[in-house]
Every structure is written in structure tokens, then in C-alpha cells.
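Participant: My file is work-v3.csv. It has CSV, C-alpha atoms:
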chain,number,residue,atom,x,y,z
A,1,MET,CA,177.4,21.3,99.5
A,2,GLN,CA,173.9,20.1,99.1
A,3,LYS,CA,173.6,16.5,97.8
A,4,TYR,CA,170.7,15.7,95.4
A,5,PRO,CA,169.2,12.2,95.1
A,6,SER,CA,170.6,10.1,92.4
A,7,PHE,CA,167.4,10.0,90.4
A,8,CYS,CA,167.6,13.8,90.0
A,9,LEU,CA,170.9,13.4,88.2
A,10,ARG,CA,169.8,10.7,85.8
A,11,GLN,CA,169.2,11.7,82.2
A,12,LYS,CA,165.5,11.6,81.3
A,13,SER,CA,164.5,9.1,78.8
A,14,PRO,CA,162.7,10.3,75.7
A,15,PRO,CA,158.9,10.4,75.8
A,16,ALA,CA,157.1,7.3,74.8
A,17,GLY,CA,156.5,7.0,71.1
A,18,ARG,CA,159.5,9.2,70.0
A,19,VAL,CA,162.0,7.4,67.9
A,20,SER,CA,165.6,8.5,68.3
A,21,GLY,CA,169.0,7.6,66.7
A,22,TRP,CA,169.3,6.1,63.2
A,23,ALA,CA,165.7,4.8,63.4
A,24,GLY,CA,164.4,8.3,64.0
A,25,LYS,CA,166.4,9.7,61.1
A,26,ALA,CA,165.2,6.9,58.8
A,27,VAL,CA,161.6,7.6,59.7
A,28,HIS,CA,162.1,11.3,59.2
A,29,VAL,CA,163.7,10.8,55.7
A,30,LEU,CA,161.0,8.4,54.7
A,31,GLY,CA,158.2,10.7,55.8
A,32,LYS,CA,159.8,13.6,53.8
A,33,ALA,CA,160.2,11.3,50.8
A,34,LEU,CA,156.5,10.3,50.9
A,35,ILE,CA,155.3,13.9,51.2
A,36,LEU,CA,157.5,15.0,48.3
A,37,CYS,CA,156.2,12.1,46.2
A,38,TRP,CA,152.6,13.0,47.0
A,39,CYS,CA,153.3,16.7,46.2
A,40,ALA,CA,155.0,15.8,42.9
A,41,PHE,CA,152.2,13.6,41.9
A,42,THR,CA,149.6,16.2,42.7
A,43,VAL,CA,151.5,19.0,40.8
A,44,ALA,CA,152.1,16.7,37.8
A,45,LEU,CA,148.4,15.7,37.7
A,46,ILE,CA,147.2,19.3,37.9
A,47,GLY,CA,149.8,20.4,35.4
A,48,TRP,CA,148.7,17.7,32.9
A,49,VAL,CA,145.1,18.8,33.1
A,50,VAL,CA,146.0,22.4,32.5
A,51,LEU,CA,148.2,21.5,29.5
A,52,ALA,CA,145.5,19.2,28.1
A,53,SER,CA,143.0,22.1,28.2
A,54,PHE,CA,145.3,23.9,25.7
A,55,THR,CA,145.8,20.8,23.5
A,56,PRO,CA,143.5,19.5,20.7
A,57,THR,CA,141.7,16.2,21.5
A,58,ARG,CA,143.7,14.3,18.9
A,59,ASP,CA,147.0,15.3,20.4
A,60,ILE,CA,145.8,14.5,23.9
A,61,PHE,CA,145.2,10.8,23.0
A,62,GLN,CA,148.6,10.7,21.3
A,63,ASN,CA,150.2,12.2,24.5
A,64,ASP,CA,151.6,15.1,22.6
A,65,LEU,CA,150.6,18.0,24.8
A,66,LEU,CA,151.1,21.4,23.3
A,67,ALA,CA,152.6,19.9,20.2
A,68,ALA,CA,150.7,22.5,18.1
A,69,GLY,CA,151.2,25.3,20.6
A,70,LEU,CA,148.5,26.9,22.8
A,71,ASP,CA,145.0,26.1,21.5
A,72,LEU,CA,142.2,28.1,23.1
A,73,SER,CA,139.4,26.5,21.2
A,74,GLY,CA,138.4,24.5,24.2
A,75,TYR,CA,137.8,27.6,26.4
A,76,GLU,CA,136.0,29.2,23.5
A,77,VAL,CA,133.6,26.3,23.2
A,78,VAL,CA,132.7,26.1,26.9
A,79,MET,CA,132.3,29.9,27.1
A,80,GLU,CA,130.4,30.6,23.9
A,81,ARG,CA,128.3,27.4,23.4
A,82,TYR,CA,127.9,26.3,27.1
A,83,HIS,CA,128.0,29.8,28.7
A,84,ILE,CA,130.2,28.5,31.5
A,85,MET,CA,131.0,32.0,32.8
A,86,ASP,CA,127.3,32.6,33.6
A,87,TYR,CA,127.4,29.6,36.0
A,88,PHE,CA,130.8,30.8,37.2
A,89,LEU,CA,129.2,34.1,38.3
A,90,ASN,CA,126.3,32.2,39.9
A,91,SER,CA,128.8,30.2,42.0
A,92,VAL,CA,130.6,33.4,43.0
A,93,LEU,CA,127.3,35.0,44.1
A,94,TYR,CA,126.1,32.0,46.1
A,95,THR,CA,129.4,31.3,47.7
A,96,VAL,CA,130.3,34.8,48.7
A,97,CYS,CA,126.9,35.6,50.1
A,98,ALA,CA,126.8,32.3,52.1
A,99,CYS,CA,130.3,32.8,53.5
A,100,ALA,CA,129.6,36.4,54.5
A,101,GLY,CA,126.2,35.5,56.0
A,102,LEU,CA,127.6,32.7,58.1
A,103,ILE,CA,130.2,35.0,59.7
A,104,VAL,CA,127.5,37.7,60.4
A,105,PHE,CA,125.2,35.1,62.2
A,106,CYS,CA,127.6,32.7,63.7
A,107,ALA,CA,130.3,34.9,65.1
A,108,PRO,CA,128.0,36.7,67.6
A,109,ALA,CA,126.3,33.3,68.5
A,110,ALA,CA,129.7,31.6,69.1
A,111,PHE,CA,130.9,34.5,71.3
A,112,VAL,CA,127.7,34.6,73.4
A,113,MET,CA,127.6,30.8,73.9
A,114,THR,CA,131.3,30.9,74.9
A,115,LYS,CA,131.5,33.9,77.2
A,116,PHE,CA,128.0,34.4,78.6
A,117,VAL,CA,126.1,32.3,81.1
A,118,PHE,CA,122.3,32.0,80.5
A,119,ARG,CA,119.6,29.5,80.8
A,120,GLY,CA,119.6,26.9,78.0
A,121,ARG,CA,123.3,27.5,77.1
A,122,ARG,CA,124.3,23.8,77.5
A,123,LEU,CA,121.3,22.8,75.5
A,124,PHE,CA,122.2,25.0,72.6
A,125,GLN,CA,125.8,23.8,72.7
A,126,THR,CA,124.6,20.2,72.6
A,127,LEU,CA,122.2,20.9,69.7
A,128,PHE,CA,125.0,22.5,67.7
A,129,SER,CA,127.3,19.5,68.3
A,130,VAL,CA,124.5,17.0,67.4
A,131,ALA,CA,123.8,18.9,64.2
A,132,LEU,CA,127.4,18.3,63.1
A,133,GLY,CA,126.8,14.6,63.0
A,134,LEU,CA,123.5,14.9,61.0
A,135,PRO,CA,124.1,13.8,57.4
A,136,GLY,CA,123.0,16.4,55.0
A,137,VAL,CA,121.4,13.9,52.7
A,138,MET,CA,118.8,13.1,55.3
A,139,ILE,CA,117.2,16.6,55.2
A,140,VAL,CA,117.3,17.1,51.4
A,141,ALA,CA,113.8,15.7,50.8
A,142,PRO,CA,112.0,17.5,53.7
A,143,LEU,CA,113.8,20.7,53.1
A,144,TYR,CA,112.9,20.6,49.4
A,145,MET,CA,109.2,20.0,50.2
A,146,MET,CA,109.2,22.9,52.6
A,147,LEU,CA,110.6,25.2,49.9
A,148,VAL,CA,108.2,24.0,47.3
A,149,ARG,CA,105.2,24.7,49.6
A,150,ALA,CA,106.7,28.2,50.2
A,151,ASN,CA,107.1,28.6,46.4
A,152,LEU,CA,110.8,29.3,46.8
A,153,HIS,CA,112.3,26.3,44.8
A,154,ASN,CA,112.9,28.5,41.7
A,155,PHE,CA,114.1,31.6,43.6
A,156,ARG,CA,117.8,32.5,43.1
A,157,GLY,CA,118.4,33.2,46.7
A,158,THR,CA,117.1,29.7,47.8
A,159,LEU,CA,120.5,28.1,47.5
A,160,ILE,CA,122.1,30.9,49.6
A,161,LEU,CA,119.5,30.2,52.3
A,162,VAL,CA,120.2,26.5,52.2
A,163,TYR,CA,123.9,27.0,52.5
A,164,LEU,CA,123.3,29.3,55.4
A,165,CYS,CA,121.1,26.8,57.2
A,166,THR,CA,123.4,23.8,56.7
A,167,GLY,CA,126.6,25.7,57.6
A,168,ILE,CA,125.5,27.4,60.8
A,169,ALA,CA,126.3,24.5,63.1
A,170,ALA,CA,129.9,23.8,61.9
A,171,THR,CA,130.8,27.4,61.6
A,172,THR,CA,129.5,28.2,65.1
A,173,VAL,CA,131.2,25.3,66.8
A,174,TYR,CA,134.5,26.1,65.0
A,175,LEU,CA,134.4,29.8,66.1
A,176,MET,CA,133.6,28.9,69.7
A,177,GLY,CA,137.1,27.5,70.0
A,178,PHE,CA,138.6,30.8,69.0
A,179,PHE,CA,136.4,33.0,71.2
A,180,ALA,CA,137.2,30.8,74.1
A,181,THR,CA,140.8,32.1,73.9
A,182,VAL,CA,139.8,35.8,73.9
A,183,PRO,CA,139.9,37.3,77.4
A,184,MET,CA,136.6,38.7,78.6
A,185,THR,CA,138.4,41.7,80.0
A,186,VAL,CA,138.8,43.1,76.4
A,187,PHE,CA,135.0,43.1,76.0
A,188,GLU,CA,134.4,44.5,79.4
A,189,SER,CA,136.9,47.4,78.8
A,190,GLY,CA,134.8,48.4,75.8
A,191,LEU,CA,131.7,48.5,77.9
A,192,ILE,CA,133.5,50.6,80.5
A,193,ASP,CA,134.5,53.1,77.8
A,194,GLY,CA,130.9,53.6,76.9
A,195,CYS,CA,130.5,51.1,74.0
A,196,SER,CA,127.4,49.1,73.6
A,197,HIS,CA,127.5,45.3,73.6
A,198,ILE,CA,127.3,45.1,69.8
A,199,THR,CA,129.9,47.9,69.3
A,200,SER,CA,132.3,46.3,71.8
A,201,PHE,CA,132.0,43.0,70.0
A,202,TYR,CA,132.6,44.2,66.5
A,203,ARG,CA,135.3,46.7,67.3
A,204,LEU,CA,137.3,44.7,70.0
A,205,ILE,CA,136.5,41.0,69.9
A,206,LEU,CA,135.9,40.3,66.3
A,207,PRO,CA,139.4,41.5,65.2
A,208,LEU,CA,141.0,39.2,67.7
A,209,ALA,CA,139.3,36.2,66.1
A,210,LYS,CA,140.4,37.2,62.6
A,211,PRO,CA,142.6,34.0,62.1
A,212,GLY,CA,139.6,31.8,62.9
A,213,ILE,CA,137.2,33.8,60.8
A,214,VAL,CA,139.5,33.7,57.8
A,215,THR,CA,140.2,30.0,58.1
A,216,ILE,CA,136.5,28.9,58.4
A,217,THR,CA,135.6,31.3,55.6
A,218,ILE,CA,138.1,29.7,53.3
A,219,PHE,CA,136.9,26.2,54.3
A,220,ASN,CA,133.3,27.2,53.7
A,221,PHE,CA,134.2,28.8,50.3
A,222,ILE,CA,136.0,25.7,49.1
A,223,GLY,CA,133.1,23.5,50.3
A,224,TYR,CA,130.4,25.6,48.7
A,225,TRP,CA,132.3,26.2,45.5
A,226,ASN,CA,132.7,22.4,44.9
A,227,GLU,CA,129.2,21.5,46.3
A,228,TYR,CA,127.0,19.5,44.0
A,229,ILE,CA,124.0,17.8,45.7
A,230,TRP,CA,122.4,20.9,47.2
A,231,ALA,CA,123.0,22.9,44.0
A,232,LEU,CA,121.5,20.2,41.8
A,233,VAL,CA,118.3,19.9,44.0
A,234,PHE,CA,117.6,23.5,44.9
A,235,SER,CA,118.6,25.3,41.7
A,236,GLY,CA,115.4,24.6,39.8
A,237,LYS,CA,116.0,26.8,36.7
A,238,GLN,CA,119.0,26.1,34.5
A,239,ALA,CA,119.9,29.8,34.7
A,240,ASN,CA,120.3,29.5,38.5
A,241,ARG,CA,122.7,26.5,38.5
A,242,THR,CA,126.2,26.6,39.8
A,243,LEU,CA,129.5,25.8,38.2
A,244,ALA,CA,129.7,22.3,39.7
A,245,VAL,CA,126.3,21.3,38.2
A,246,ALA,CA,127.2,22.9,34.9
A,247,LEU,CA,130.4,20.9,34.9
A,248,GLN,CA,128.5,17.6,35.2
A,249,THR,CA,126.4,18.5,32.2
A,250,LEU,CA,129.5,19.6,30.4
A,251,VAL,CA,131.3,16.3,31.1
A,252,THR,CA,128.3,14.3,29.7
A,253,SER,CA,128.2,16.4,26.6
A,254,MET,CA,131.9,16.5,25.9
A,255,GLN,CA,132.2,12.7,26.4
A,256,THR,CA,129.4,12.2,23.8
A,257,THR,CA,130.9,14.6,21.3
A,258,GLY,CA,134.5,13.5,22.0
A,259,ASN,CA,135.7,17.0,22.8
A,260,TYR,CA,138.0,16.2,25.7
A,261,GLN,CA,139.9,19.5,25.3
A,262,GLY,CA,136.7,21.4,26.2
A,263,LEU,CA,136.2,18.9,29.1
A,264,PHE,CA,139.6,19.7,30.6
A,265,ALA,CA,139.0,23.4,30.0
A,266,GLY,CA,135.8,23.3,32.0
A,267,VAL,CA,137.6,21.4,34.8
A,268,VAL,CA,140.4,24.1,34.9
A,269,ILE,CA,137.8,26.9,35.2
A,270,VAL,CA,136.2,25.1,38.2
A,271,PHE,CA,139.3,24.3,40.3
A,272,VAL,CA,141.6,27.2,39.5
A,273,PRO,CA,139.9,29.7,41.9
A,274,THR,CA,140.1,27.3,44.9
A,275,VAL,CA,143.7,26.4,44.1
A,276,ILE,CA,144.7,30.1,43.9
A,277,ILE,CA,142.9,30.9,47.1
A,278,TYR,CA,144.5,28.0,49.0
A,279,VAL,CA,148.0,28.7,47.7
A,280,LEU,CA,147.8,32.4,48.6
A,281,LEU,CA,146.3,31.9,52.0
A,282,SER,CA,147.9,28.5,53.0
A,283,LYS,CA,149.9,30.1,55.9
A,284,GLN,CA,146.7,31.7,57.2
A,285,ILE,CA,144.8,28.4,57.0
A,286,MET,CA,147.5,26.5,58.8
A,287,SER,CA,147.9,29.1,61.6
A,288,GLY,CA,144.2,29.5,62.0
A,289,ALA,CA,143.5,25.8,62.2
A,290,THR,CA,145.6,25.6,65.4
A,291,ALA,CA,145.1,29.0,66.9
A,292,GLY,CA,142.0,28.0,68.8
A,293,ALA,CA,143.2,24.6,69.9
A,294,VAL,CA,144.6,25.8,73.2
A,295,LYS,CA,142.8,27.9,75.7
A,296,GLY,CA,144.7,30.7,77.4
What is this file in C-alpha cells?
Facilitator:
Amino acid sequence: MQKYPSFCLRQKSPPAGRVSGWAGKAVHVLGKALILCWCAFTVALIGWVVLASFTPTRDIFQNDLLAAGLDLSGYEVVMERYHIMDYFLNSVLYTVCACAGLIVFCAPAAFVMTKFVFRGRRLFQTLFSVALGLPGVMIVAPLYMMLVRANLHNFRGTLILVYLCTGIAATTVYLMGFFATVPMTVFESGLIDGCSHITSFYRLILPLAKPGIVTITIFNFIGYWNEYIWALVFSGKQANRTLAVALQTLVTSMQTTGNYQGLFAGVVIVFVPTVIIYVLLSKQIMSGATAGAVKG
């Protein structure tokens, strides 16, 4: 019978940093308790804002939410007097066009820089990475002056163009991690079957990167939907402004008039779409956030 060295029969010690026994259980329970407390606080906060939007201002200050039943006067004020739905449609237009345009431009660029070897490839990858660390506030003034000289500062599509330009670097770098996991043989099989490079990319490669595309699109959507600085600077006409800018005007007006019910109604209209999207697609976001983390 073959004898093995004694060190082969020893039980391996747990990896460094892992807590076992009663201490591990205590840490596990404490972590769960903290997460549950944070979730409960967030749900309670959002629920209070929603209930306050259906409660008259007098009852809000008396902490008697829904004491008189559902009151929709706050939503009627922000829709009829402040035309909040017009700004809502502007935000939908800008956000959807920007998110779709980023995928159209960045997905092929990420695939090419990941799978093809060409002169200047390292330089482009470095420039994209450097662009991630460039604060957006630094380019507001020069970009605004360029658009004024081109007479585009009052154009409705200007904000879409700005969103596209400022989101290309982050979207491309993010998608590069997903395309790195896609085997090149899939693309080459399409070329062998007679597909062109573009057809092979869109029919074979792009569906494989669907988790990453959905995830970065959701992140871009939430970011652009709640974005304020770019929308304030580059939406010259009031009719072209987004929901976030309109909400700031609404907050100032409602605080002056004391209509806090209308204020909370405007807040609900702003954050409800992002909450719905995140809740419905939370599993897709979590899976997509880690799908490109490991190459293979």
C-alpha cells in the first residue's frame, strides 16, 4: 500500500480572511441585519414620499398621511400648471436616443479593439481609459462655446449629441470586457459561411454580448435620466429642458408657494421610471455586471 506524506493527510486551513465558527455566524447575521435595515429604511423613505404626494400639505405637516383619502390635486397642479409631462417626454427622447446611439457606436468599436490587432490599438485603448478619469465639469465651458459658434446651443438634438460624446468612453471600455470573453471562432465561422464582417458581428457576436449591452444601457439610462448639469447648460430653450431641470424649478416654486404636495408629486414622477426599470431588470443587472469579469 502506497504511503503518502503526512502533510498530504492534514486538513487544509481555511483561506486567510475567512471567519469560521461562532464568529463567522455572528458576522453573517450582523451583515444580514444591516442589509435588512438599509432596505427597510429605503422602502419606508420611498413609501413616505409616495404617500405624501397623495396627501394635502396641511396633513403632511401634521404627519397624517392619507387622512382624507387619495388626493390627486398635487399631480394635477404639476401637470396642468407646470406642464411636467412635456419635460417627461423630453427626457424620454434624449435618454432613449442617447442609449441607443451609444450601443450602435460603441459595440463595434469595443469588439474591434478587443479582437483585432492594428496599428494604434494600444493608443486608442489608453485614450479611452484616460477619458474615464476626465471630469465632465472641465469640458462644459469649451464644449458650450463650440456649440454656440456652430449655432447649435438651442437645437433639440444638442443634448443627445452631448450625451453621446460624454458616454462613449465609459460604454466602450465596459463592453470591451464582454467582447473579450466571446471566442473569435464564432466570428470566423460567420465569415466562412459567406457573411460580411458587419453581418457576422450583428448576427453572431452581438447576441452573445446581450447581458453586457443590457446592463450598460440600464446604467446609462439611469444616469442620463437623473442628469442635471449637462441638461441645464445645453438645453437653451425652456421647451427643450429635461425633467431633472424642470424638477429644480418646481422645487423652488413649490417651496415659495408652500405646496409640498405638488413638490412630492413631481419627485415621484421623476424617480418612478428608474425604480420600475431597476426592479424589473435587477437580475439582469447583477448577472451582467459580473459576466465580463472573467475571461474564458
Participant: Name all residues at most 10 Å from Thr199 in chain A (count all atoms listed in the file; drop same-chain ones fewer than 6 positions away) and give them as a VMD selection string.
Facilitator: chain A and resid 187 190 to 191 205
Participant: Compile the contact shell of Phe234 in chain A as a list in words: residues with an atom at most 8 Å away, counting only C-alpha atoms, same-chain residues fewer than 2 positions apart removed.
Facilitator: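 In the requested format, the answer is Tyr144, His153, Asn154, Thr158, Leu159, Trp230, Ala231, Leu232 and Gly236 of chain A.
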Participant: Need the shell around Ile198 in chain A: protein/DNA/RNA residues with any atom at most 12 Å away, counting all atoms listed in the file. Skip same-chain ones fewer than 2 positions apart. Format as a ChimeraX atom specification?
Facilitator: /A:104,107-109,111-112,187-188,190-191,194-196,200-206
Participant: Got a sec: who's within 12 Å of Asp64 in chain A, counting only C-alpha atoms, leaving out chain neighbours fewer than 6 positions off, as JSON, numbers by chain?
Facilitator: {"A": [48, 51, 52, 54, 55, 56, 57, 58]}
Participant: Excluding Phe124 in chain A and any residue of its chain fewer than 2 positions from it, enumerate the residues within 12 Å of it, using only C-alpha atoms, and give them as a ChimeraX atom specification.
Facilitator: /A:109-110,112-114,117-122,126-131,169,172-173
Participant: Given the choices A:Met146, A:Val78, A:Val272, A:Cys106, which gets closest to Ala246 in chain A if the distance is worked out from all atoms listed in the file?
Facilitator: A:Val78
Participant: Here is a test: counting only C-alpha atoms, which residue of A:Val233, A:Leu247, A:Leu280, A:Val50 is nearest to Leu72 in chain A?
Facilitator: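 The shortest atom-to-atom distance to Leu72 in chain A comes from A:Val50.
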Participant: Figure out the distance between CA of Ala98 in chain A and CA of Ile160 in chain A, please, to one decimal in Å.
Facilitator: 5.5 Å
Participant: Mind giving me the straight-line distance from CA of Met79 in chain A to CA of Tyr224 in chain A in Å, one decimal?
Facilitator: 22.1 Å
Participant: Rank nothing, just name the residue among A:Trp225, A:Phe61, A:Phe219, A:Phe178 nearest to Tyr87 in chain A, using all atoms listed in the file.
Facilitator: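 Under the stated criterion, the closest residue is A:Trp225.
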Participant: Grab the CA of Ile46 in chain A to CA of Val268 in chain A distance for me, in Å with one decimal place.
Facilitator: 8.8 Å
Participant: Go through A:Glu227, A:Cys97, A:Gly258, A:Ile276 and flag the residue nearest Thr242 in chain A, using all atoms listed in the file for the distances.
Facilitator: A:Glu227
Participant: Mind rebuilding range 89-111 of chain A with N, CA and C atoms and writing that out as a tab-separated table (two decimals), in the coordinates of the input?
Facilitator:
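Now in result-v2.tsv:
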chain	number	residue	atom	x	y	z
A	89	LEU	N	129.64	32.97	37.53
A	89	LEU	CA	129.20	34.10	38.30
A	89	LEU	C	128.10	33.68	39.32
A	90	ASN	N	127.27	32.71	38.97
A	90	ASN	CA	126.30	32.20	39.90
A	90	ASN	C	127.01	31.58	41.15
A	91	SER	N	128.05	30.81	40.90
A	91	SER	CA	128.80	30.20	42.00
A	91	SER	C	129.46	31.26	42.87
A	92	VAL	N	129.99	32.31	42.25
A	92	VAL	CA	130.60	33.40	43.00
A	92	VAL	C	129.55	34.06	43.90
A	93	LEU	N	128.37	34.33	43.34
A	93	LEU	CA	127.30	35.00	44.10
A	93	LEU	C	126.87	34.13	45.28
A	94	TYR	N	126.56	32.87	45.04
A	94	TYR	CA	126.10	32.00	46.10
A	94	TYR	C	127.16	31.81	47.20
A	95	THR	N	128.38	31.57	46.77
A	95	THR	CA	129.40	31.30	47.70
A	95	THR	C	129.80	32.46	48.59
A	96	VAL	N	129.97	33.62	47.97
A	96	VAL	CA	130.30	34.80	48.70
A	96	VAL	C	129.24	35.23	49.69
A	97	CYS	N	127.99	35.22	49.22
A	97	CYS	CA	126.90	35.60	50.10
A	97	CYS	C	126.73	34.62	51.27
A	98	ALA	N	126.90	33.32	51.00
A	98	ALA	CA	126.80	32.30	52.10
A	98	ALA	C	127.89	32.46	53.09
A	99	CYS	N	129.12	32.65	52.62
A	99	CYS	CA	130.30	32.80	53.50
A	99	CYS	C	130.14	34.03	54.40
A	100	ALA	N	129.75	35.15	53.77
A	100	ALA	CA	129.60	36.40	54.50
A	100	ALA	C	128.44	36.28	55.52
A	101	GLY	N	127.34	35.69	55.12
A	101	GLY	CA	126.20	35.50	56.00
A	101	GLY	C	126.50	34.65	57.20
A	102	LEU	N	127.27	33.59	57.00
A	102	LEU	CA	127.60	32.70	58.10
A	102	LEU	C	128.45	33.43	59.16
A	103	ILE	N	129.36	34.29	58.74
A	103	ILE	CA	130.20	35.00	59.70
A	103	ILE	C	129.27	36.02	60.47
A	104	VAL	N	128.36	36.68	59.77
A	104	VAL	CA	127.50	37.70	60.40
A	104	VAL	C	126.61	37.00	61.47
A	105	PHE	N	126.10	35.81	61.21
A	105	PHE	CA	125.20	35.10	62.20
A	105	PHE	C	125.94	34.32	63.20
A	106	CYS	N	127.00	33.64	62.78
A	106	CYS	CA	127.60	32.70	63.70
A	106	CYS	C	128.64	33.27	64.62
A	107	ALA	N	129.32	34.34	64.22
A	107	ALA	CA	130.30	34.90	65.10
A	107	ALA	C	129.70	35.45	66.40
A	108	PRO	N	128.62	36.25	66.37
A	108	PRO	CA	128.00	36.70	67.60
A	108	PRO	C	127.47	35.49	68.45
A	109	ALA	N	126.88	34.50	67.76
A	109	ALA	CA	126.30	33.30	68.50
A	109	ALA	C	127.44	32.56	69.18
A	110	ALA	N	128.57	32.36	68.51
A	110	ALA	CA	129.70	31.60	69.10
A	110	ALA	C	130.24	32.39	70.32
A	111	PHE	N	130.33	33.72	70.21
A	111	PHE	CA	130.90	34.50	71.30
A	111	PHE	C	129.92	34.45	72.53
